[in-house]
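Colleague: Here it is, the structure, as structure tokens.
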Amino acid sequence: MEQNLLSTGINLQDRVALVTGAGRGIGRLIALRLAALGAKIAVNSLHSETSENVASEIRRSGGSAVPLSANVGVYSEAESLVEECVRHFSRVDILVNNAGITRDGLLLRMKEMDWDAVLTTNLKSAFSCTRAASKWMIRQRYGRIINIASVSGIIGNVGQANYAASKAGLLGFTKAVARELAGRTITVNAVAPGFIETDMTRDLSPQVKEDLMRRIPLGRLGQPSDVAHMVAFLASDLASYITGQTFSVDGGMAM
Ligand code: NAP
């Protein structure tokens, strides 16, 4: 019988995971989930308070975590973030490029700074963190890179030209880097959440939420844990033959 069939589940013992934007929302749940499966976690966020809260939460439940605040949109900060993770835990096995923002507006009203901020935070950050982390992963001959995209990058969304472009860009980035790193036993995949209940979607009007519900075949908004389960699978050895793929976690929105 193949070895994988004997495995009882996901075990990330001895793995080190760096999760960007893990101070709240989806990133926080990804960090908690990977920690619960045994990984040591470098918890990144923009503000030190949120990453410290999540790192403490992990330590209180018996896990190992270090808070590392940094603006991943700035290349030098992303590079130092990866270095700090390695300095603390001696390696980096799993990188989750999750940090992201929205600056929504219709195209004709969208300001140049809103375009730049979203592309920098959502897309350039993935380039910067991946470039820095892949150097270590290549030496280790092991790595799991997971990019958090969006349904918006697959089917588009009114008022999100900047956001949809950044997330579609992540999907192309995922495939190109997956091809480059495959020979080093490093996999690169993307997860495309639909509408997930976090601070990012909290302020949507009841009208917009109702419209959204109608577009979601499974009839509910997603929870951060729905995304975290997929990330945990892709981070594990069970997903060792999967690379360059995009997995939608969207209640069926983009089928
Ligand atoms: P969220 O609740 O707004 O949390 C965003 C997190 O990213 C926060 O921890 C924030 O740090 C951090 N962050 C923002 N800018 C950063 C920067 N420049 N450097 C480092 N960290 C930064 O967002 P979310 O809803 O969990 O979204 C997480 C990811 O999923 C994003 O990439 C988003 O585009 C994607 N996504 C979300 C949804 C959704 O419906 N919520 C759907 C599809 C895709 P602080 O805590 O310090 O502020």
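Each chain in the structure tokens gets a letter, A, B and so on, in the order shown; residues start at 1 in every chain, and ligands are counted from 1 in the order they appear.
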Could you tell me, counting only C-alpha atoms and all ligand atoms, which protein and nucleic acid residues lie no more than 8 Å from ligand 1, written as a PyMOL selection string?
Modeller: chain A and resi 20-28+44-51+69-74+97-102+121-122+125+148-152+163+167+192-201+222+224
Colleague: Among the residues of segment 15-220 of chain A, find those DSSP assigns to strand (DSSP E) from the backbone and print them as a ChimeraX atom specification.
Modeller: /A:16-19,40-45,65-69,94-97,143-148,186-193
Colleague: May I ask which of the residues A:Ala36, A:Val208, A:Leu95, A:Ser128 is the closest one to Tyr75 of chain A, counting only C-alpha atoms?
Modeller: A:Ser128
Colleague: Distance table requested - segment 143-190 of chain A against segment 225-244 of chain A, cut-off 6 Å, only C-alpha atoms: one row per qualifying residue with the closest atom pair and its distance in Å to one decimal, ordered by chain and rising residue number, as a tab-separated table.
Modeller:
```
residue	atom	partner	partner_atom	distance
A:Arg144	CA	A:Ala235	CA	5.6
A:Thr174	CA	A:Gly244	CA	5.9
A:Lys175	CA	A:Gly244	CA	4.5
A:Ala178	CA	A:Gly244	CA	5.1
A:Thr187	CA	A:Thr243	CA	5.0
A:Val188	CA	A:Thr243	CA	5.3
A:Asn189	CA	A:Gly244	CA	5.0
```
Colleague: Restricting the output to all heavy atoms, write the selected residues as an mmCIF file, in the first residue's frame.
Modeller:
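Output saved as selection-v3.cif:
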```cif
data_model
loop_
_atom_site.group_PDB
_atom_site.id
_atom_site.type_symbol
_atom_site.label_atom_id
_atom_site.label_comp_id
_atom_site.auth_asym_id
_atom_site.auth_seq_id
_atom_site.Cartn_x
_atom_site.Cartn_y
_atom_site.Cartn_z
ATOM 1 N N ARG A 144 7.171 24.997 0.604
ATOM 2 C CA ARG A 144 5.745 25.089 0.236
ATOM 3 C C ARG A 144 5.414 26.580 0.211
ATOM 4 O O ARG A 144 5.516 27.249 1.249
ATOM 5 C CB ARG A 144 4.869 24.426 1.305
ATOM 6 C CG ARG A 144 5.036 22.923 1.421
ATOM 7 C CD ARG A 144 4.104 22.250 0.419
ATOM 8 N NE ARG A 144 4.122 20.811 0.574
ATOM 9 C CZ ARG A 144 5.013 20.008 -0.008
ATOM 10 N NH1 ARG A 144 5.980 20.495 -0.747
ATOM 11 N NH2 ARG A 144 4.932 18.708 0.146
ATOM 12 N N THR A 174 2.248 32.659 -9.495
ATOM 13 C CA THR A 174 2.229 31.305 -8.919
ATOM 14 C C THR A 174 2.699 30.269 -9.943
ATOM 15 O O THR A 174 3.543 29.413 -9.647
ATOM 16 C CB THR A 174 0.790 30.956 -8.450
ATOM 17 O OG1 THR A 174 0.415 31.879 -7.438
ATOM 18 C CG2 THR A 174 0.683 29.538 -7.931
ATOM 19 N N LYS A 175 2.165 30.373 -11.161
ATOM 20 C CA LYS A 175 2.501 29.360 -12.186
ATOM 21 C C LYS A 175 3.952 29.480 -12.628
ATOM 22 O O LYS A 175 4.652 28.472 -12.797
ATOM 23 C CB LYS A 175 1.558 29.508 -13.384
ATOM 24 C CG LYS A 175 0.126 29.134 -13.043
ATOM 25 C CD LYS A 175 -0.792 29.384 -14.219
ATOM 26 C CE LYS A 175 -2.214 29.568 -13.715
ATOM 27 N NZ LYS A 175 -3.149 29.946 -14.755
ATOM 28 N N ALA A 178 6.194 28.312 -9.820
ATOM 29 C CA ALA A 178 6.028 26.855 -9.647
ATOM 30 C C ALA A 178 6.912 26.116 -10.645
ATOM 31 O O ALA A 178 7.577 25.128 -10.310
ATOM 32 C CB ALA A 178 4.567 26.461 -9.837
ATOM 33 N N THR A 187 6.917 23.423 -3.917
ATOM 34 C CA THR A 187 5.649 23.595 -4.622
ATOM 35 C C THR A 187 5.128 25.015 -4.391
ATOM 36 O O THR A 187 5.380 25.625 -3.347
ATOM 37 C CB THR A 187 4.584 22.577 -4.159
ATOM 38 O OG1 THR A 187 4.257 22.824 -2.791
ATOM 39 C CG2 THR A 187 5.074 21.144 -4.325
ATOM 40 N N VAL A 188 4.410 25.508 -5.390
ATOM 41 C CA VAL A 188 3.862 26.868 -5.321
ATOM 42 C C VAL A 188 2.413 26.797 -5.806
ATOM 43 O O VAL A 188 2.160 26.407 -6.950
ATOM 44 C CB VAL A 188 4.654 27.843 -6.213
ATOM 45 C CG1 VAL A 188 4.208 29.284 -5.962
ATOM 46 C CG2 VAL A 188 6.157 27.700 -5.998
ATOM 47 N N ASN A 189 1.484 27.138 -4.935
ATOM 48 C CA ASN A 189 0.071 27.075 -5.289
ATOM 49 C C ASN A 189 -0.651 28.328 -4.820
ATOM 50 O O ASN A 189 -0.132 29.078 -3.982
ATOM 51 C CB ASN A 189 -0.583 25.835 -4.660
ATOM 52 C CG ASN A 189 -0.102 24.546 -5.311
ATOM 53 O OD1 ASN A 189 -0.411 24.267 -6.467
ATOM 54 N ND2 ASN A 189 0.705 23.770 -4.582
#
```
Colleague: Which residue gives the smallest distance to Ala182 of chain A among A:Gly143, A:Gly159, A:Gly251, A:Gly9, with only C-alpha atoms counted?
Modeller: A:Gly143
Colleague: Show which residues sit within 10 Å of Arg184 of chain A, as a VMD selection string. Count only C-alpha atoms, and ignore same-chain residues fewer than 6 positions away.
Modeller: chain A and resid 134 137 to 143
Colleague: What does the structure give for the distance between atom CA of Asp93 of chain A and atom CA of Glu79 of chain A, in Å to one decimal?
Modeller: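 A separation of 15.7 Å between them.
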Colleague: Considering only C-alpha atoms, can you say which of A:Ala190, A:Leu123, A:Val66, A:Ala165 comes closest to Asn147 of chain A?
Modeller: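 For Asn147 of chain A, the nearest of the candidates is A:Ala190.
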Colleague: Determine the nearest neighbour of Val158 of chain A from the options A:Ile58, A:Leu107, A:Cys129, A:Val191, counting only C-alpha atoms.
Modeller: A:Leu107
Colleague: Which residues are near Met255 of chain A? Cut-off 10 Å, only C-alpha atoms, ignore same chain within fewer than 4 positions. Put them as a list in words.
Modeller: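 Contacts, in chain order: Ile155, Pro217, Ser248, Asp250 and Gly251 of chain A.
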Colleague: What separation in Å, quoted to one decimal, exists between atom CA of Leu119 of chain A and atom CA of Ser166 of chain A?
Modeller: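 Between atom CA of Leu119 of chain A and atom CA of Ser166 of chain A the gap works out to 5.3 Å.
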Colleague: Give me the residues near Trp115 of chain A as a ChimeraX atom specification, where near means some atom within 9 Å (using only C-alpha atoms) and where sequence neighbours in that chain fewer than 2 positions away do not count.
Modeller: /A:103,110-113,117-120,161-163
Colleague: So that I can check the surroundings of Ala164 of chain A, please list as a list of chain:residue names every protein, DNA and RNA residue that reaches within 7 Å of it, counting only C-alpha atoms and ignoring chain neighbours fewer than 4 positions away.
Modeller: A:Ser152, A:Gly153, A:Gly156, A:Asn157, A:Gln160, A:Ala168
Colleague: Restricting the output to C-alpha atoms, write the selected residues as a compact mmCIF listing (two decimals), in the first residue's frame.
Modeller:
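out08.txt written:
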```txt
# COMPACT_ATOMS: atom_id res chain seq x y z
CA SER A 152 -12.00 38.69 -7.80
CA GLY A 153 -8.79 37.81 -9.67
CA GLY A 156 -13.39 40.27 -11.72
CA ASN A 157 -15.56 42.52 -9.58
CA GLN A 160 -11.98 46.37 -7.85
CA ALA A 168 -4.87 37.84 -11.19
```
Colleague: Let me make sure I understand: among A:Gly183, A:Gly252, A:Gly105, A:Gly38, which one has the smallest atom-to-atom distance to Ile216 of chain A if we use only C-alpha atoms?
Modeller: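 Among A:Gly183, A:Gly252, A:Gly105, A:Gly38, it is A:Gly252 that comes nearest to Ile216 of chain A.
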Colleague: Identify which of the residues A:Asp211, A:Ala126, A:Gln245, A:Gly219 lies closest to Arg179 of chain A, counting only C-alpha atoms when measuring atom-to-atom distances.
Modeller: A:Gln245
Colleague: Please return, as a CSV table (one decimal) with C-alpha atoms, in the first residue's frame, all residues of segment 35-167 of chain A that DSSP assigns to alpha helix (DSSP H) on the basis of the backbone.
Modeller:
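Result saved to part-v1.csv:
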```csv
chain,number,residue,atom,x,y,z
A,35,ALA,CA,0.5,25.9,14.6
A,36,ALA,CA,-2.2,23.4,15.8
A,48,SER,CA,3.3,44.9,16.0
A,49,GLU,CA,0.2,44.7,18.3
A,50,THR,CA,-1.7,42.3,16.1
A,51,SER,CA,1.2,40.0,15.4
A,52,GLU,CA,2.1,39.9,19.1
A,53,ASN,CA,-1.5,39.0,20.0
A,54,VAL,CA,-1.6,36.1,17.6
A,55,ALA,CA,1.9,34.9,18.6
A,56,SER,CA,0.8,34.9,22.3
A,57,GLU,CA,-2.4,33.1,21.4
A,58,ILE,CA,-0.3,30.3,19.7
A,59,ARG,CA,2.2,30.1,22.7
A,60,ARG,CA,-0.7,30.0,25.2
A,75,TYR,CA,11.2,45.0,-0.5
A,76,SER,CA,13.9,45.6,2.2
A,77,GLU,CA,11.4,44.9,5.0
A,78,ALA,CA,10.2,41.7,3.3
A,79,GLU,CA,13.8,40.6,3.0
A,80,SER,CA,14.5,41.3,6.6
A,81,LEU,CA,11.3,39.6,7.7
A,82,VAL,CA,12.5,36.3,6.0
A,83,GLU,CA,16.0,36.7,7.6
A,84,GLU,CA,14.4,37.3,11.0
A,85,CYS,CA,12.3,34.1,10.6
A,86,VAL,CA,15.4,32.1,9.7
A,87,ARG,CA,17.4,33.7,12.5
A,88,HIS,CA,14.8,32.7,15.0
A,89,PHE,CA,13.8,29.2,13.8
A,112,GLU,CA,-3.2,56.4,-8.8
A,113,MET,CA,-2.2,56.0,-5.2
A,114,ASP,CA,-5.0,53.5,-4.6
A,115,TRP,CA,-3.8,51.5,-7.6
A,116,ASP,CA,-0.2,51.6,-6.4
A,117,ALA,CA,-1.0,50.7,-2.8
A,118,VAL,CA,-3.0,47.6,-3.7
A,119,LEU,CA,-0.5,46.4,-6.3
A,125,SER,CA,5.0,41.7,-1.5
A,126,ALA,CA,4.6,38.1,-2.8
A,127,PHE,CA,7.5,38.7,-5.2
A,128,SER,CA,9.7,40.1,-2.4
A,129,CYS,CA,8.9,37.4,0.3
A,130,THR,CA,9.0,34.6,-2.2
A,131,ARG,CA,12.4,35.7,-3.6
A,132,ALA,CA,13.9,36.0,-0.1
A,133,ALA,CA,12.4,32.7,1.2
A,134,SER,CA,13.1,30.7,-1.9
A,135,LYS,CA,16.9,31.2,-1.4
A,136,TRP,CA,16.5,29.2,1.8
A,137,MET,CA,14.1,26.7,0.4
A,138,ILE,CA,16.4,25.9,-2.5
A,139,ARG,CA,19.2,25.2,0.0
A,140,GLN,CA,16.8,23.0,2.0
A,152,SER,CA,-12.0,38.7,-7.8
A,153,GLY,CA,-8.8,37.8,-9.7
A,154,ILE,CA,-10.6,35.0,-11.5
A,155,ILE,CA,-14.0,36.6,-12.5
A,161,ALA,CA,-9.8,47.0,-11.0
A,162,ASN,CA,-6.7,47.4,-8.8
A,163,TYR,CA,-7.6,44.4,-6.5
A,164,ALA,CA,-8.6,42.1,-9.3
A,165,ALA,CA,-5.4,42.9,-11.2
A,166,SER,CA,-3.2,42.3,-8.2
A,167,LYS,CA,-4.9,38.9,-7.5
```
Colleague: Figure out the distance between atom CA of Asp14 of chain A and atom CA of Gly62 of chain A, please, to one decimal in Å.
Modeller: 14.3 Å
